[in-house]
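Quick look at my_file_12.cif (mmCIF, C-alpha atoms):
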```
data_data
loop_
_atom_site.label_atom_id
_atom_site.label_comp_id
_atom_site.auth_asym_id
_atom_site.auth_seq_id
_atom_site.Cartn_x
_atom_site.Cartn_y
_atom_site.Cartn_z
CA MET A 1 210.89 139.53 69.36
CA ALA A 2 207.97 137.14 69.02
CA THR A 3 207.98 134.13 71.31
CA LYS A 4 208.60 130.84 69.53
CA TYR A 5 207.26 127.54 70.74
CA VAL A 6 208.33 123.92 70.43
CA ASN A 7 205.66 121.24 70.67
CA ALA A 8 206.48 118.26 72.85
CA VAL A 9 204.79 115.00 71.98
CA ILE A 10 205.12 111.90 74.14
CA SER A 11 205.46 108.91 71.85
CA GLU A 12 206.76 105.36 71.85
CA GLU A 13 208.15 105.83 68.35
CA GLN A 14 211.76 106.94 67.87
CA ASN A 15 212.87 109.37 65.16
CA GLU A 16 215.66 111.90 64.60
CA ASN A 17 213.88 114.50 66.72
CA SER A 18 213.14 112.15 69.62
CA LEU A 19 214.43 112.70 73.11
CA PRO A 20 214.33 109.60 75.32
CA VAL A 21 212.26 109.48 78.50
CA LEU A 22 214.04 107.97 81.49
CA ASP A 23 212.13 106.20 84.25
CA GLY A 24 213.22 106.04 87.87
CA THR A 25 211.98 103.60 90.49
CA LEU A 26 209.74 106.25 92.09
CA GLY A 27 208.58 109.74 91.13
CA PRO A 28 208.21 111.46 87.76
CA SER A 29 210.10 110.39 84.66
CA ALA A 30 212.72 112.66 83.07
CA VAL A 31 213.31 113.76 79.49
CA ASP A 32 216.94 113.18 78.55
CA ILE A 33 217.88 116.48 76.88
CA GLN A 34 221.62 115.83 76.57
CA THR A 35 221.41 115.90 72.76
CA LEU A 36 219.09 118.92 72.59
CA TYR A 37 221.86 121.44 71.88
CA ALA A 38 223.86 119.21 69.56
CA ARG A 39 220.82 118.36 67.43
CA HIS A 40 218.77 121.52 67.56
CA SER A 41 221.07 124.28 68.91
CA LEU A 42 218.63 124.78 71.80
CA LEU A 43 219.24 124.99 75.54
CA ALA A 44 216.74 124.12 78.26
CA PHE A 45 215.81 127.16 80.36
CA ASP A 46 214.86 126.31 83.95
CA PRO A 47 215.70 129.04 86.51
CA GLY A 48 216.15 127.55 89.97
CA PHE A 49 216.22 124.03 88.46
CA ARG A 50 212.56 123.53 89.37
CA SER A 51 212.04 120.97 86.60
CA THR A 52 215.58 119.69 86.10
CA ALA A 53 217.01 116.36 87.23
CA ALA A 54 220.72 117.17 87.40
CA CYS A 55 221.78 113.64 88.28
CA LYS A 56 220.68 110.10 89.00
CA SER A 57 220.71 109.21 92.68
CA ALA A 58 219.67 106.19 94.75
CA ILE A 59 219.98 107.85 98.17
CA THR A 60 216.85 109.85 99.04
CA PHE A 61 213.37 110.14 97.56
CA VAL A 62 210.95 112.98 98.24
CA ASP A 63 207.31 113.08 97.10
CA GLY A 64 206.27 116.61 97.93
CA ASP A 65 202.65 116.15 96.88
CA LYS A 66 202.11 113.20 99.20
CA GLY A 67 204.46 114.33 101.98
CA ILE A 68 206.80 111.34 101.69
CA LEU A 69 210.52 111.22 102.55
CA LEU A 70 212.47 107.98 102.11
CA TYR A 71 216.12 107.26 102.94
CA ARG A 72 217.21 104.36 100.71
CA GLY A 73 213.54 103.31 100.65
CA TYR A 74 212.88 103.58 104.40
CA PRO A 75 210.20 106.10 105.55
CA ILE A 76 211.68 108.88 107.65
CA GLU A 77 209.04 108.35 110.35
CA GLU A 78 210.13 104.72 110.86
CA LEU A 79 213.81 105.65 111.04
CA ALA A 80 213.11 108.46 113.53
CA GLU A 81 211.11 106.04 115.67
CA SER A 82 213.41 103.02 115.65
CA SER A 83 216.86 103.83 114.29
CA SER A 84 219.86 105.89 115.41
CA PHE A 85 221.76 108.59 113.57
CA VAL A 86 224.92 106.51 113.18
CA GLU A 87 222.88 103.65 111.74
CA VAL A 88 221.16 106.10 109.36
CA ALA A 89 224.54 107.53 108.33
CA TYR A 90 225.68 104.01 107.44
CA LEU A 91 222.45 103.44 105.51
CA LEU A 92 222.89 106.63 103.49
CA MET A 93 226.56 106.00 102.78
CA PHE A 94 226.44 102.29 101.91
CA GLY A 95 222.87 101.63 100.80
CA ASP A 96 221.56 99.20 103.43
CA LEU A 97 221.12 99.07 107.17
CA PRO A 98 224.21 97.56 108.81
CA THR A 99 224.37 94.07 110.22
CA PRO A 100 225.38 93.91 113.90
CA ALA A 101 228.97 93.24 112.85
CA GLN A 102 228.98 96.08 110.33
CA ARG A 103 227.46 98.43 112.92
CA GLN A 104 230.16 97.51 115.45
CA GLN A 105 232.88 98.11 112.87
CA PHE A 106 231.32 101.45 111.85
CA ASP A 107 231.05 102.57 115.49
CA LEU A 108 234.74 101.73 115.96
CA ALA A 109 235.65 103.73 112.86
CA ILE A 110 233.69 106.75 114.10
CA GLY A 111 235.41 106.43 117.50
CA ASN A 112 238.85 106.15 115.91
CA HIS A 113 238.43 109.35 113.91
CA ASN A 114 236.31 111.66 116.08
CA LEU A 115 239.21 113.72 117.44
CA LEU A 116 240.37 116.91 115.78
CA HIS A 117 244.10 117.34 115.21
CA GLU A 118 245.50 119.53 118.00
CA GLN A 119 246.79 122.04 115.47
CA VAL A 120 243.27 122.35 114.07
CA LEU A 121 242.05 123.36 117.53
CA SER A 122 244.63 126.15 117.50
CA PHE A 123 242.96 127.57 114.37
CA TYR A 124 239.96 128.65 116.43
CA ARG A 125 242.06 131.29 118.17
CA GLY A 126 242.42 133.04 114.82
CA PHE A 127 238.70 133.86 114.74
CA ARG A 128 236.94 136.61 116.64
CA ARG A 129 235.01 135.35 119.65
CA ASP A 130 231.77 136.72 118.21
CA ALA A 131 232.23 135.05 114.80
CA HIS A 132 229.20 133.09 113.63
CA PRO A 133 229.77 129.35 114.17
CA MET A 134 229.03 128.67 110.50
CA ALA A 135 231.78 131.09 109.45
CA VAL A 136 234.18 129.18 111.68
CA MET A 137 233.02 125.80 110.37
CA VAL A 138 233.46 126.80 106.72
CA GLY A 139 237.06 127.77 107.44
CA VAL A 140 238.00 124.85 109.68
CA VAL A 141 236.41 122.12 107.55
CA GLY A 142 238.18 123.46 104.48
CA ALA A 143 241.45 123.48 106.43
CA LEU A 144 241.14 119.74 107.19
CA SER A 145 242.39 119.12 103.65
CA ALA A 146 245.80 120.38 104.82
CA PHE A 147 245.99 117.59 107.42
CA TYR A 148 244.76 114.45 105.70
CA HIS A 149 246.85 113.98 102.58
CA ASP A 150 246.50 110.22 103.01
CA VAL A 151 242.92 110.33 101.71
CA MET A 152 243.41 112.71 98.81
CA ASN A 153 243.33 110.03 96.13
CA ILE A 154 239.62 110.27 95.38
CA ARG A 155 240.01 107.57 92.70
CA ASP A 156 240.72 105.04 95.45
CA ALA A 157 237.55 103.60 97.02
CA ASN A 158 239.22 102.99 100.39
CA ASP A 159 240.50 106.56 100.54
CA ARG A 160 237.04 107.88 99.70
CA GLN A 161 235.41 105.81 102.41
CA LEU A 162 237.96 106.87 105.03
CA ALA A 163 237.53 110.55 104.12
CA ALA A 164 233.74 110.24 104.42
CA ILE A 165 233.97 108.54 107.82
CA ARG A 166 236.43 111.14 109.07
CA LEU A 167 234.07 113.96 108.16
CA VAL A 168 231.06 112.40 109.87
CA ALA A 169 233.17 111.51 112.92
CA LYS A 170 234.87 114.90 113.38
CA MET A 171 231.93 117.20 112.74
CA PRO A 172 230.50 117.08 116.32
CA MET A 173 233.79 118.14 117.92
CA LEU A 174 234.35 120.72 115.21
CA ALA A 175 230.90 122.28 115.72
CA ALA A 176 231.09 122.10 119.52
CA ALA A 177 234.48 123.83 119.48
CA SER A 178 233.03 126.71 117.47
CA TYR A 179 230.62 127.27 120.38
CA THR A 180 232.95 126.71 123.34
CA TYR A 181 235.54 129.02 121.79
CA SER A 182 232.90 131.76 121.43
CA VAL A 183 232.11 131.60 125.17
CA GLY A 184 235.75 131.30 126.26
CA ARG A 185 235.48 127.74 127.57
CA PRO A 186 238.06 124.96 127.05
CA GLN A 187 236.99 122.27 124.63
CA ARG A 188 236.13 118.81 125.92
CA TYR A 189 237.15 115.75 123.93
CA PRO A 190 234.88 112.97 122.65
CA ASN A 191 234.34 110.01 124.95
CA ASN A 192 233.84 106.74 123.10
CA LYS A 193 231.66 105.37 125.89
CA HIS A 194 228.96 107.71 124.58
CA ASP A 195 226.82 107.54 121.48
CA TYR A 196 227.07 110.19 118.75
CA ALA A 197 224.43 112.63 120.07
CA THR A 198 225.48 112.24 123.72
CA ASN A 199 229.07 112.98 122.76
CA PHE A 200 228.04 116.15 120.97
CA LEU A 201 226.02 117.36 123.97
CA GLN A 202 228.80 116.71 126.48
CA MET A 203 231.30 118.53 124.25
CA MET A 204 228.88 121.44 123.82
CA PHE A 205 227.80 121.98 127.40
CA GLY A 206 230.31 120.25 129.67
CA THR A 207 233.63 121.53 131.00
CA PRO A 208 236.93 119.61 131.23
CA VAL A 209 237.14 119.98 135.03
CA GLN A 210 234.13 117.90 136.03
CA GLU A 211 231.93 115.02 134.95
CA PHE A 212 228.97 115.97 132.80
CA ALA A 213 225.92 113.72 132.72
CA VAL A 214 223.87 114.08 129.56
CA ASP A 215 220.11 113.73 129.95
CA PRO A 216 219.18 110.65 127.84
CA VAL A 217 215.87 112.22 126.81
CA LEU A 218 217.74 115.20 125.34
CA ALA A 219 220.30 112.91 123.70
CA ARG A 220 217.55 110.92 122.00
CA ALA A 221 215.79 114.12 120.88
CA LEU A 222 219.05 115.35 119.33
CA ASP A 223 219.59 111.98 117.66
CA VAL A 224 216.12 112.30 116.09
CA ILE A 225 216.97 115.83 114.91
CA PHE A 226 220.13 114.45 113.29
CA ILE A 227 218.14 111.68 111.57
CA LEU A 228 215.51 114.07 110.21
CA HIS A 229 218.14 116.46 108.83
CA ALA A 230 220.61 113.86 107.52
CA ASP A 231 219.60 114.21 103.87
CA HIS A 232 216.93 115.74 101.66
CA GLU A 233 217.55 114.91 98.03
CA GLN A 234 219.12 117.58 95.75
CA ASN A 235 218.72 120.62 98.01
CA ALA A 236 220.92 123.70 97.61
CA SER A 237 223.78 122.55 99.83
CA THR A 238 223.82 118.99 98.51
CA SER A 239 223.79 120.28 94.94
CA THR A 240 226.69 122.56 95.90
CA VAL A 241 228.65 119.58 97.24
CA ARG A 242 228.01 117.60 94.07
CA LEU A 243 228.92 120.54 91.84
CA ALA A 244 232.21 121.04 93.69
CA ALA A 245 232.90 117.30 93.67
CA SER A 246 232.41 117.11 89.90
CA SER A 247 235.58 119.17 89.48
CA GLY A 248 237.59 116.59 91.42
CA ALA A 249 237.92 118.82 94.50
CA ASN A 250 238.97 117.09 97.71
CA PRO A 251 236.16 115.98 100.05
CA PHE A 252 236.91 118.52 102.78
CA ALA A 253 236.66 121.41 100.31
CA CYS A 254 233.40 119.98 98.95
CA ILE A 255 231.81 119.73 102.41
CA ALA A 256 233.05 123.25 103.29
CA ALA A 257 231.23 124.46 100.17
CA GLY A 258 228.09 122.67 101.35
CA ILE A 259 228.33 124.34 104.76
CA ALA A 260 228.61 127.75 103.10
CA SER A 261 225.45 127.05 101.08
CA LEU A 262 223.59 125.71 104.12
CA TRP A 263 224.36 128.92 106.01
CA GLY A 264 221.87 130.88 103.88
CA PRO A 265 218.69 131.98 105.71
CA ALA A 266 216.51 130.41 103.00
CA HIS A 267 218.15 127.02 103.68
CA GLY A 268 219.69 126.02 107.00
CA GLY A 269 219.00 129.31 108.76
CA ALA A 270 215.21 129.04 108.45
CA ASN A 271 214.57 127.63 111.95
CA GLU A 272 216.37 130.60 113.49
CA ALA A 273 214.12 132.90 111.45
CA VAL A 274 211.03 131.02 112.70
CA LEU A 275 212.06 131.46 116.32
CA LYS A 276 212.66 135.18 115.84
CA MET A 277 209.23 135.48 114.21
CA LEU A 278 207.52 133.71 117.12
CA MET A 279 209.29 136.04 119.54
CA GLU A 280 208.07 139.04 117.56
CA ILE A 281 204.48 137.74 117.61
CA GLY A 282 204.78 137.68 121.39
CA SER A 283 201.41 136.18 122.32
CA VAL A 284 198.53 134.13 120.95
CA GLU A 285 196.35 137.26 120.88
CA ASN A 286 198.55 138.78 118.18
CA ILE A 287 198.20 135.86 115.75
CA PRO A 288 195.14 137.17 113.82
CA LYS A 289 197.03 140.37 112.98
CA VAL A 290 200.02 138.35 111.85
CA ILE A 291 197.81 136.17 109.62
CA ASP A 292 196.34 139.29 108.03
CA ARG A 293 199.81 140.70 107.39
CA ALA A 294 200.95 137.44 105.78
CA LYS A 295 197.96 137.57 103.41
CA ASP A 296 198.50 141.22 102.48
CA LYS A 297 200.42 141.30 99.19
CA ASN A 298 201.54 144.86 99.94
CA ASP A 299 203.14 143.82 103.24
CA SER A 300 206.68 142.39 103.10
CA PHE A 301 206.02 140.24 106.19
CA ARG A 302 206.23 136.48 105.64
CA LEU A 303 205.17 133.60 107.86
CA MET A 304 208.42 131.71 108.37
CA GLY A 305 208.27 127.92 108.61
CA PHE A 306 205.27 127.54 106.30
CA GLY A 307 205.55 126.12 102.81
CA HIS A 308 208.42 124.35 101.13
CA ARG A 309 210.05 124.35 97.71
CA ILE A 310 209.23 120.64 97.36
CA TYR A 311 206.43 119.79 99.80
CA LYS A 312 202.86 120.69 98.78
CA ASN A 313 201.60 118.68 101.71
CA PHE A 314 202.78 118.25 105.29
CA ASP A 315 206.53 117.95 105.63
CA PRO A 316 206.69 114.46 107.22
CA ARG A 317 209.52 115.65 109.48
CA SER A 318 207.43 118.43 111.05
CA ARG A 319 205.12 116.12 113.01
CA VAL A 320 208.09 114.19 114.40
CA ILE A 321 209.80 117.41 115.48
CA GLN A 322 206.61 118.74 117.06
CA GLY A 323 206.25 115.54 119.07
CA GLN A 324 209.85 115.71 120.23
CA ALA A 325 209.44 119.36 121.26
CA LYS A 326 206.40 118.51 123.40
CA LYS A 327 208.19 115.53 124.92
CA VAL A 328 211.33 117.46 125.82
CA LEU A 329 209.45 120.44 127.27
CA ALA A 330 207.28 118.12 129.38
CA HIS A 331 210.35 116.22 130.55
CA LEU A 332 212.12 119.43 131.54
CA GLY A 333 208.99 120.84 133.17
CA LYS A 334 209.08 123.87 130.90
CA ASP A 335 206.07 125.74 129.57
CA ASP A 336 207.45 127.50 126.51
CA PRO A 337 205.01 130.19 125.32
CA LEU A 338 206.60 130.02 121.88
CA LEU A 339 205.36 126.43 121.47
CA GLU A 340 201.84 127.57 122.34
CA ILE A 341 202.10 130.39 119.80
CA ALA A 342 203.45 128.02 117.16
CA MET A 343 200.73 125.42 117.66
CA ARG A 344 197.97 128.01 117.65
CA LEU A 345 199.44 129.71 114.59
CA GLU A 346 199.51 126.36 112.78
CA GLU A 347 195.93 125.59 113.82
CA ILE A 348 194.58 128.93 112.56
CA ALA A 349 196.60 128.97 109.35
CA LEU A 350 195.56 125.46 108.34
CA LYS A 351 191.89 126.45 108.52
CA ASP A 352 192.39 129.57 106.44
CA GLU A 353 191.52 129.29 102.72
CA TYR A 354 194.51 131.47 101.80
CA PHE A 355 196.97 128.90 103.17
CA ILE A 356 194.92 125.90 102.06
CA GLU A 357 194.76 127.08 98.44
CA ARG A 358 198.50 127.75 98.37
CA LYS A 359 199.32 124.47 100.14
CA LEU A 360 201.32 126.26 102.81
CA TYR A 361 201.89 123.66 105.51
CA PRO A 362 204.36 123.77 108.42
CA ASN A 363 207.82 122.47 107.48
CA VAL A 364 210.57 120.94 109.60
CA ASP A 365 211.93 124.37 110.56
CA PHE A 366 208.67 125.42 112.22
CA TYR A 367 209.27 123.45 115.43
CA SER A 368 212.98 122.56 115.33
CA GLY A 369 214.09 125.94 116.70
CA ILE A 370 211.75 125.56 119.70
CA LEU A 371 213.18 122.12 120.38
CA LEU A 372 216.80 123.20 120.06
CA ARG A 373 216.23 126.19 122.32
CA ALA A 374 214.62 123.98 124.95
CA MET A 375 217.73 121.80 124.86
CA GLY A 376 219.96 124.80 125.57
CA PHE A 377 221.33 125.59 122.13
CA PRO A 378 221.82 129.30 121.37
CA MET A 379 220.20 130.46 118.13
CA ASN A 380 223.48 130.96 116.30
CA MET A 381 224.21 127.24 116.75
CA PHE A 382 220.98 126.03 115.12
CA THR A 383 222.47 125.90 111.62
CA ALA A 384 225.67 124.33 112.95
CA VAL A 385 223.60 121.47 114.40
CA PHE A 386 221.97 121.13 110.98
CA ALA A 387 225.44 120.94 109.38
CA VAL A 388 226.52 118.14 111.73
CA ALA A 389 223.49 116.11 110.66
CA ARG A 390 223.62 116.93 106.95
CA THR A 391 227.27 115.87 106.70
CA ALA A 392 226.06 112.27 106.53
CA GLY A 393 224.00 113.11 103.45
CA TRP A 394 226.71 115.25 101.87
CA VAL A 395 229.37 112.56 102.08
CA SER A 396 226.88 109.99 100.77
CA HIS A 397 226.26 112.10 97.67
CA TRP A 398 229.99 112.77 97.36
CA LEU A 399 230.65 109.01 97.40
CA GLU A 400 227.85 108.35 94.91
CA LEU A 401 229.10 110.99 92.48
CA GLN A 402 232.57 109.43 92.38
CA GLU A 403 231.01 106.40 90.70
CA GLU A 404 229.66 108.55 87.85
CA SER A 405 231.59 109.43 84.71
CA HIS A 406 229.82 112.43 83.20
CA GLY A 407 232.70 114.79 84.11
CA ILE A 408 232.58 118.30 85.52
CA ASP A 409 229.17 119.94 85.92
CA ARG A 410 228.90 122.95 83.63
CA PRO A 411 225.46 124.66 83.49
CA ARG A 412 224.77 126.87 80.48
CA GLN A 413 223.00 130.23 80.35
CA LEU A 414 220.57 132.24 78.26
CA TYR A 415 222.70 135.28 77.40
CA VAL A 416 220.75 138.58 77.49
CA GLY A 417 223.67 141.06 77.42
CA LYS A 418 225.04 143.32 74.71
CA THR A 419 225.73 141.97 71.25
CA LEU A 420 229.16 142.31 69.69
CA ARG A 421 230.58 145.86 69.86
CA HIS A 422 234.07 147.28 69.42
CA TYR A 423 236.28 149.38 71.64
CA PRO A 424 236.20 153.11 70.58
CA GLY A 425 239.06 153.92 68.25
CA GLY A 426 239.90 150.29 67.71
CA LYS A 427 240.15 148.55 64.41
#
```
Structure encoded using structure tokens:
Amino acid sequence: MATKYVNAVISEEQNENSLPVLDGTLGPSAVDIQTLYARHSLLAFDPGFRSTAACKSAITFVDGDKGILLYRGYPIEELAESSSFVEVAYLLMFGDLPTPAQRQQFDLAIGNHNLLHEQVLSFYRGFRRDAHPMAVMVGVVGALSAFYHDVMNIRDANDRQLAAIRLVAKMPMLAAASYTYSVGRPQRYPNNKHDYATNFLQMMFGTPVQEFAVDPVLARALDVIFILHADHEQNASTSTVRLAASSGANPFACIAAGIASLWGPAHGGANEAVLKMLMEIGSVENIPKVIDRAKDKNDSFRLMGFGHRIYKNFDPRSRVIQGQAKKVLAHLGKDDPLLEIAMRLEEIALKDEYFIERKLYPNVDFYSGILLRAMGFPMNMFTAVFAVARTAGWVSHWLELQEESHGIDRPRQLYVGKTLRHYPGGK
């Protein structure tokens, strides 16, 4: 069949064939194709949604060409330098940085809801000890909907807000319990004298029988990790949350769906893949061979941590993570050979025309695994840490979607299967 073409003309004149162009506050404009099928019996075909704006959102802006990431208008570098994760969570959820009084009230709300129901803790015993933490988190977060019927009226703004706060508040204990259960250690409870990151670290690595002092340098590094991973526009897991939410599903089910999507190695599991790659490289001397393999189109090897679906410039989060990794390793007196390999690999790759032409720059995953390992996190917890952070973004998008009225999301398809045929012997 011959390929047919439709000419698109940008014009300021409106006629029966016109499709309106919508302007945002930043970034490219969008063609409103909602009437395309009704008027012309045509669907838009965009595999992977590379050129599709599936919603309007005021939460996060990414300019991949310039390497810009803004949360509600604030540059990610400024927030990582001066803010805290709880303050950023408030910003994402409610649109502005909190006043001192609002921050105090939000801290109290987090503290009031950071415990898991005791029966929820008993659920962990139903999993194998060697279960991946993300498998446990998908199940347990989904099960929260069986405990909080008081916030199931998603049409009520107060219920929605309480559900969102509960999810952000409970996620550290929920993630920490998935680790302590796997190593056969009793779970510690949150302590409201601590900040969000410190609480997570003491629940992860402390025991109930003795005091556990969290290193403030490590707590701040983790807080920065949480800030950098809190949201990232319409990524796979956030889109999953919004898709589930469009059906009217309860918030716990929606966030469980987001966790399942995040678990994929092409999404939240990428930093684990980077660390494994650096271990396989083994030494700086092996980097030239690895570069050659990455450039060989007949070799299936890929350099993990380079390039990004959105960024065609430096991922602005990568420099912050690299700085934190250096700071933590220096503070701990560690000389991690993987950091040396990573930095040398970046240096060589960024001078190579192959990577320059393809705009393959290090992304946030390139150094985050090194930092998390230095802090004591096992590799199978890397994505769980990501999930704790991204919950703030997920609930913010969930809250935002509840204010929309376009109904359930229902993508269409370009059918390429068999045409009508009849069952043998039938009429």
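You can rank A:Val274, A:Met279, A:Ala389, A:Met134 by their closest distance to Leu303 of chain A using only C-alpha atoms, and at the top of that list sits A:Val274.
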Checklist entry - Could you pull the residues within 10 Å of segment 172-179 of chain A, counting only C-alpha atoms, minus those fewer than 3 positions along the same chain, as a PyMOL selection string? => result chain A and resi 114-116+120-121+124+127+129-137+140-141+167-169+182-190+196-197+199-205+377-378+380-381+384-385+387-389
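Shortest separation to Arg317 of chain A among A:Ser368, A:Ser237, A:Gln14, A:Thr60 occurs at residue A:Ser368, atoms counted being only C-alpha atoms.
The space between atom CA of Pro316 of chain A and atom CA of Gly67 of chain A spans 5.7 Å.
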Checklist entry - Between atom CA of His149 of chain A and atom CA of Asn112 of chain A, what is the distance, to one decimal in Å? => result 17.4 Å
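Minimum atom-to-atom distances from A:Leu162, A:Ala236, A:Gln322, A:Leu329 to Arg373 of chain A were compared using only C-alpha atoms, and the lowest value belongs to A:Leu329.
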Could you tell me which residues the PyMOL selection byres ((chain A and resi 358-364) around 8) returns for this structure, as a PDB file with C-alpha atoms, keeping the file's coordinate frame?
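File written: expr.pdb
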```
ATOM      1  CA  GLY A 305     208.270 127.920 108.610  1.00  0.00           C
ATOM      2  CA  PHE A 306     205.270 127.540 106.300  1.00  0.00           C
ATOM      3  CA  GLY A 307     205.550 126.120 102.810  1.00  0.00           C
ATOM      4  CA  HIS A 308     208.420 124.350 101.130  1.00  0.00           C
ATOM      5  CA  LYS A 312     202.860 120.690  98.780  1.00  0.00           C
ATOM      6  CA  ASN A 313     201.600 118.680 101.710  1.00  0.00           C
ATOM      7  CA  PHE A 314     202.780 118.250 105.290  1.00  0.00           C
ATOM      8  CA  ASP A 315     206.530 117.950 105.630  1.00  0.00           C
ATOM      9  CA  PRO A 316     206.690 114.460 107.220  1.00  0.00           C
ATOM     10  CA  ARG A 317     209.520 115.650 109.480  1.00  0.00           C
ATOM     11  CA  SER A 318     207.430 118.430 111.050  1.00  0.00           C
ATOM     12  CA  ILE A 321     209.800 117.410 115.480  1.00  0.00           C
ATOM     13  CA  GLU A 346     199.510 126.360 112.780  1.00  0.00           C
ATOM     14  CA  LEU A 350     195.560 125.460 108.340  1.00  0.00           C
ATOM     15  CA  TYR A 354     194.510 131.470 101.800  1.00  0.00           C
ATOM     16  CA  PHE A 355     196.970 128.900 103.170  1.00  0.00           C
ATOM     17  CA  ILE A 356     194.920 125.900 102.060  1.00  0.00           C
ATOM     18  CA  GLU A 357     194.760 127.080  98.440  1.00  0.00           C
ATOM     19  CA  ASP A 365     211.930 124.370 110.560  1.00  0.00           C
ATOM     20  CA  PHE A 366     208.670 125.420 112.220  1.00  0.00           C
ATOM     21  CA  TYR A 367     209.270 123.450 115.430  1.00  0.00           C
ATOM     22  CA  SER A 368     212.980 122.560 115.330  1.00  0.00           C
TER      23      SER A 368
END
```
Next on the checklist: Suppose a student applies the PyMOL selection byres ((chain A and resi 24) around 12) to this structure; what residues should they get, written as a ChimeraX atom specification?
Outcome noted: /A:21-23,25-31,53,55-58,61
Item to check | Option closest in space to Leu414 of chain A, from A:Glu347, A:Asp46, A:Asp96, A:Glu211 [counting all atoms listed in the file] | outcome: A:Asp46
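Here atom CA of Gln34 of chain A stands at a distance of 14.4 Å from atom CA of Ile408 of chain A.
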Checklist entry - For the file shown, what are the residues hit by the PyMOL selection byres ((chain A and resi 398) around 9), laid out as a list of chain:residue names? => result A:Arg160, A:Ala164, A:Thr238, A:Val241, A:Arg242, A:Ala245, A:Ser246, A:Pro251, A:Cys254, A:Ile255, A:Gly393, A:Trp394, A:Val395, A:Ser396, A:His397, A:Leu399, A:Glu400, A:Leu401, A:Gln402
Checklist entry - Which is closer to Arg344 of chain A than all the others in A:Arg319, A:Ile291, A:Gly369, A:Leu228, using all atoms listed in the file? => result A:Ile291
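Residue nearest Leu144 of chain A, chosen from A:Val88, A:Leu222, A:Ala294, A:Ala256 and counting only C-alpha atoms: A:Ala256.
Around Gln413 of chain A, within 10 Å and counting all atoms listed in the file, the residues found are Leu43, Ala44, Phe45, Asp46 and Pro47 of chain A, once anything fewer than 4 positions away on its own chain is removed.
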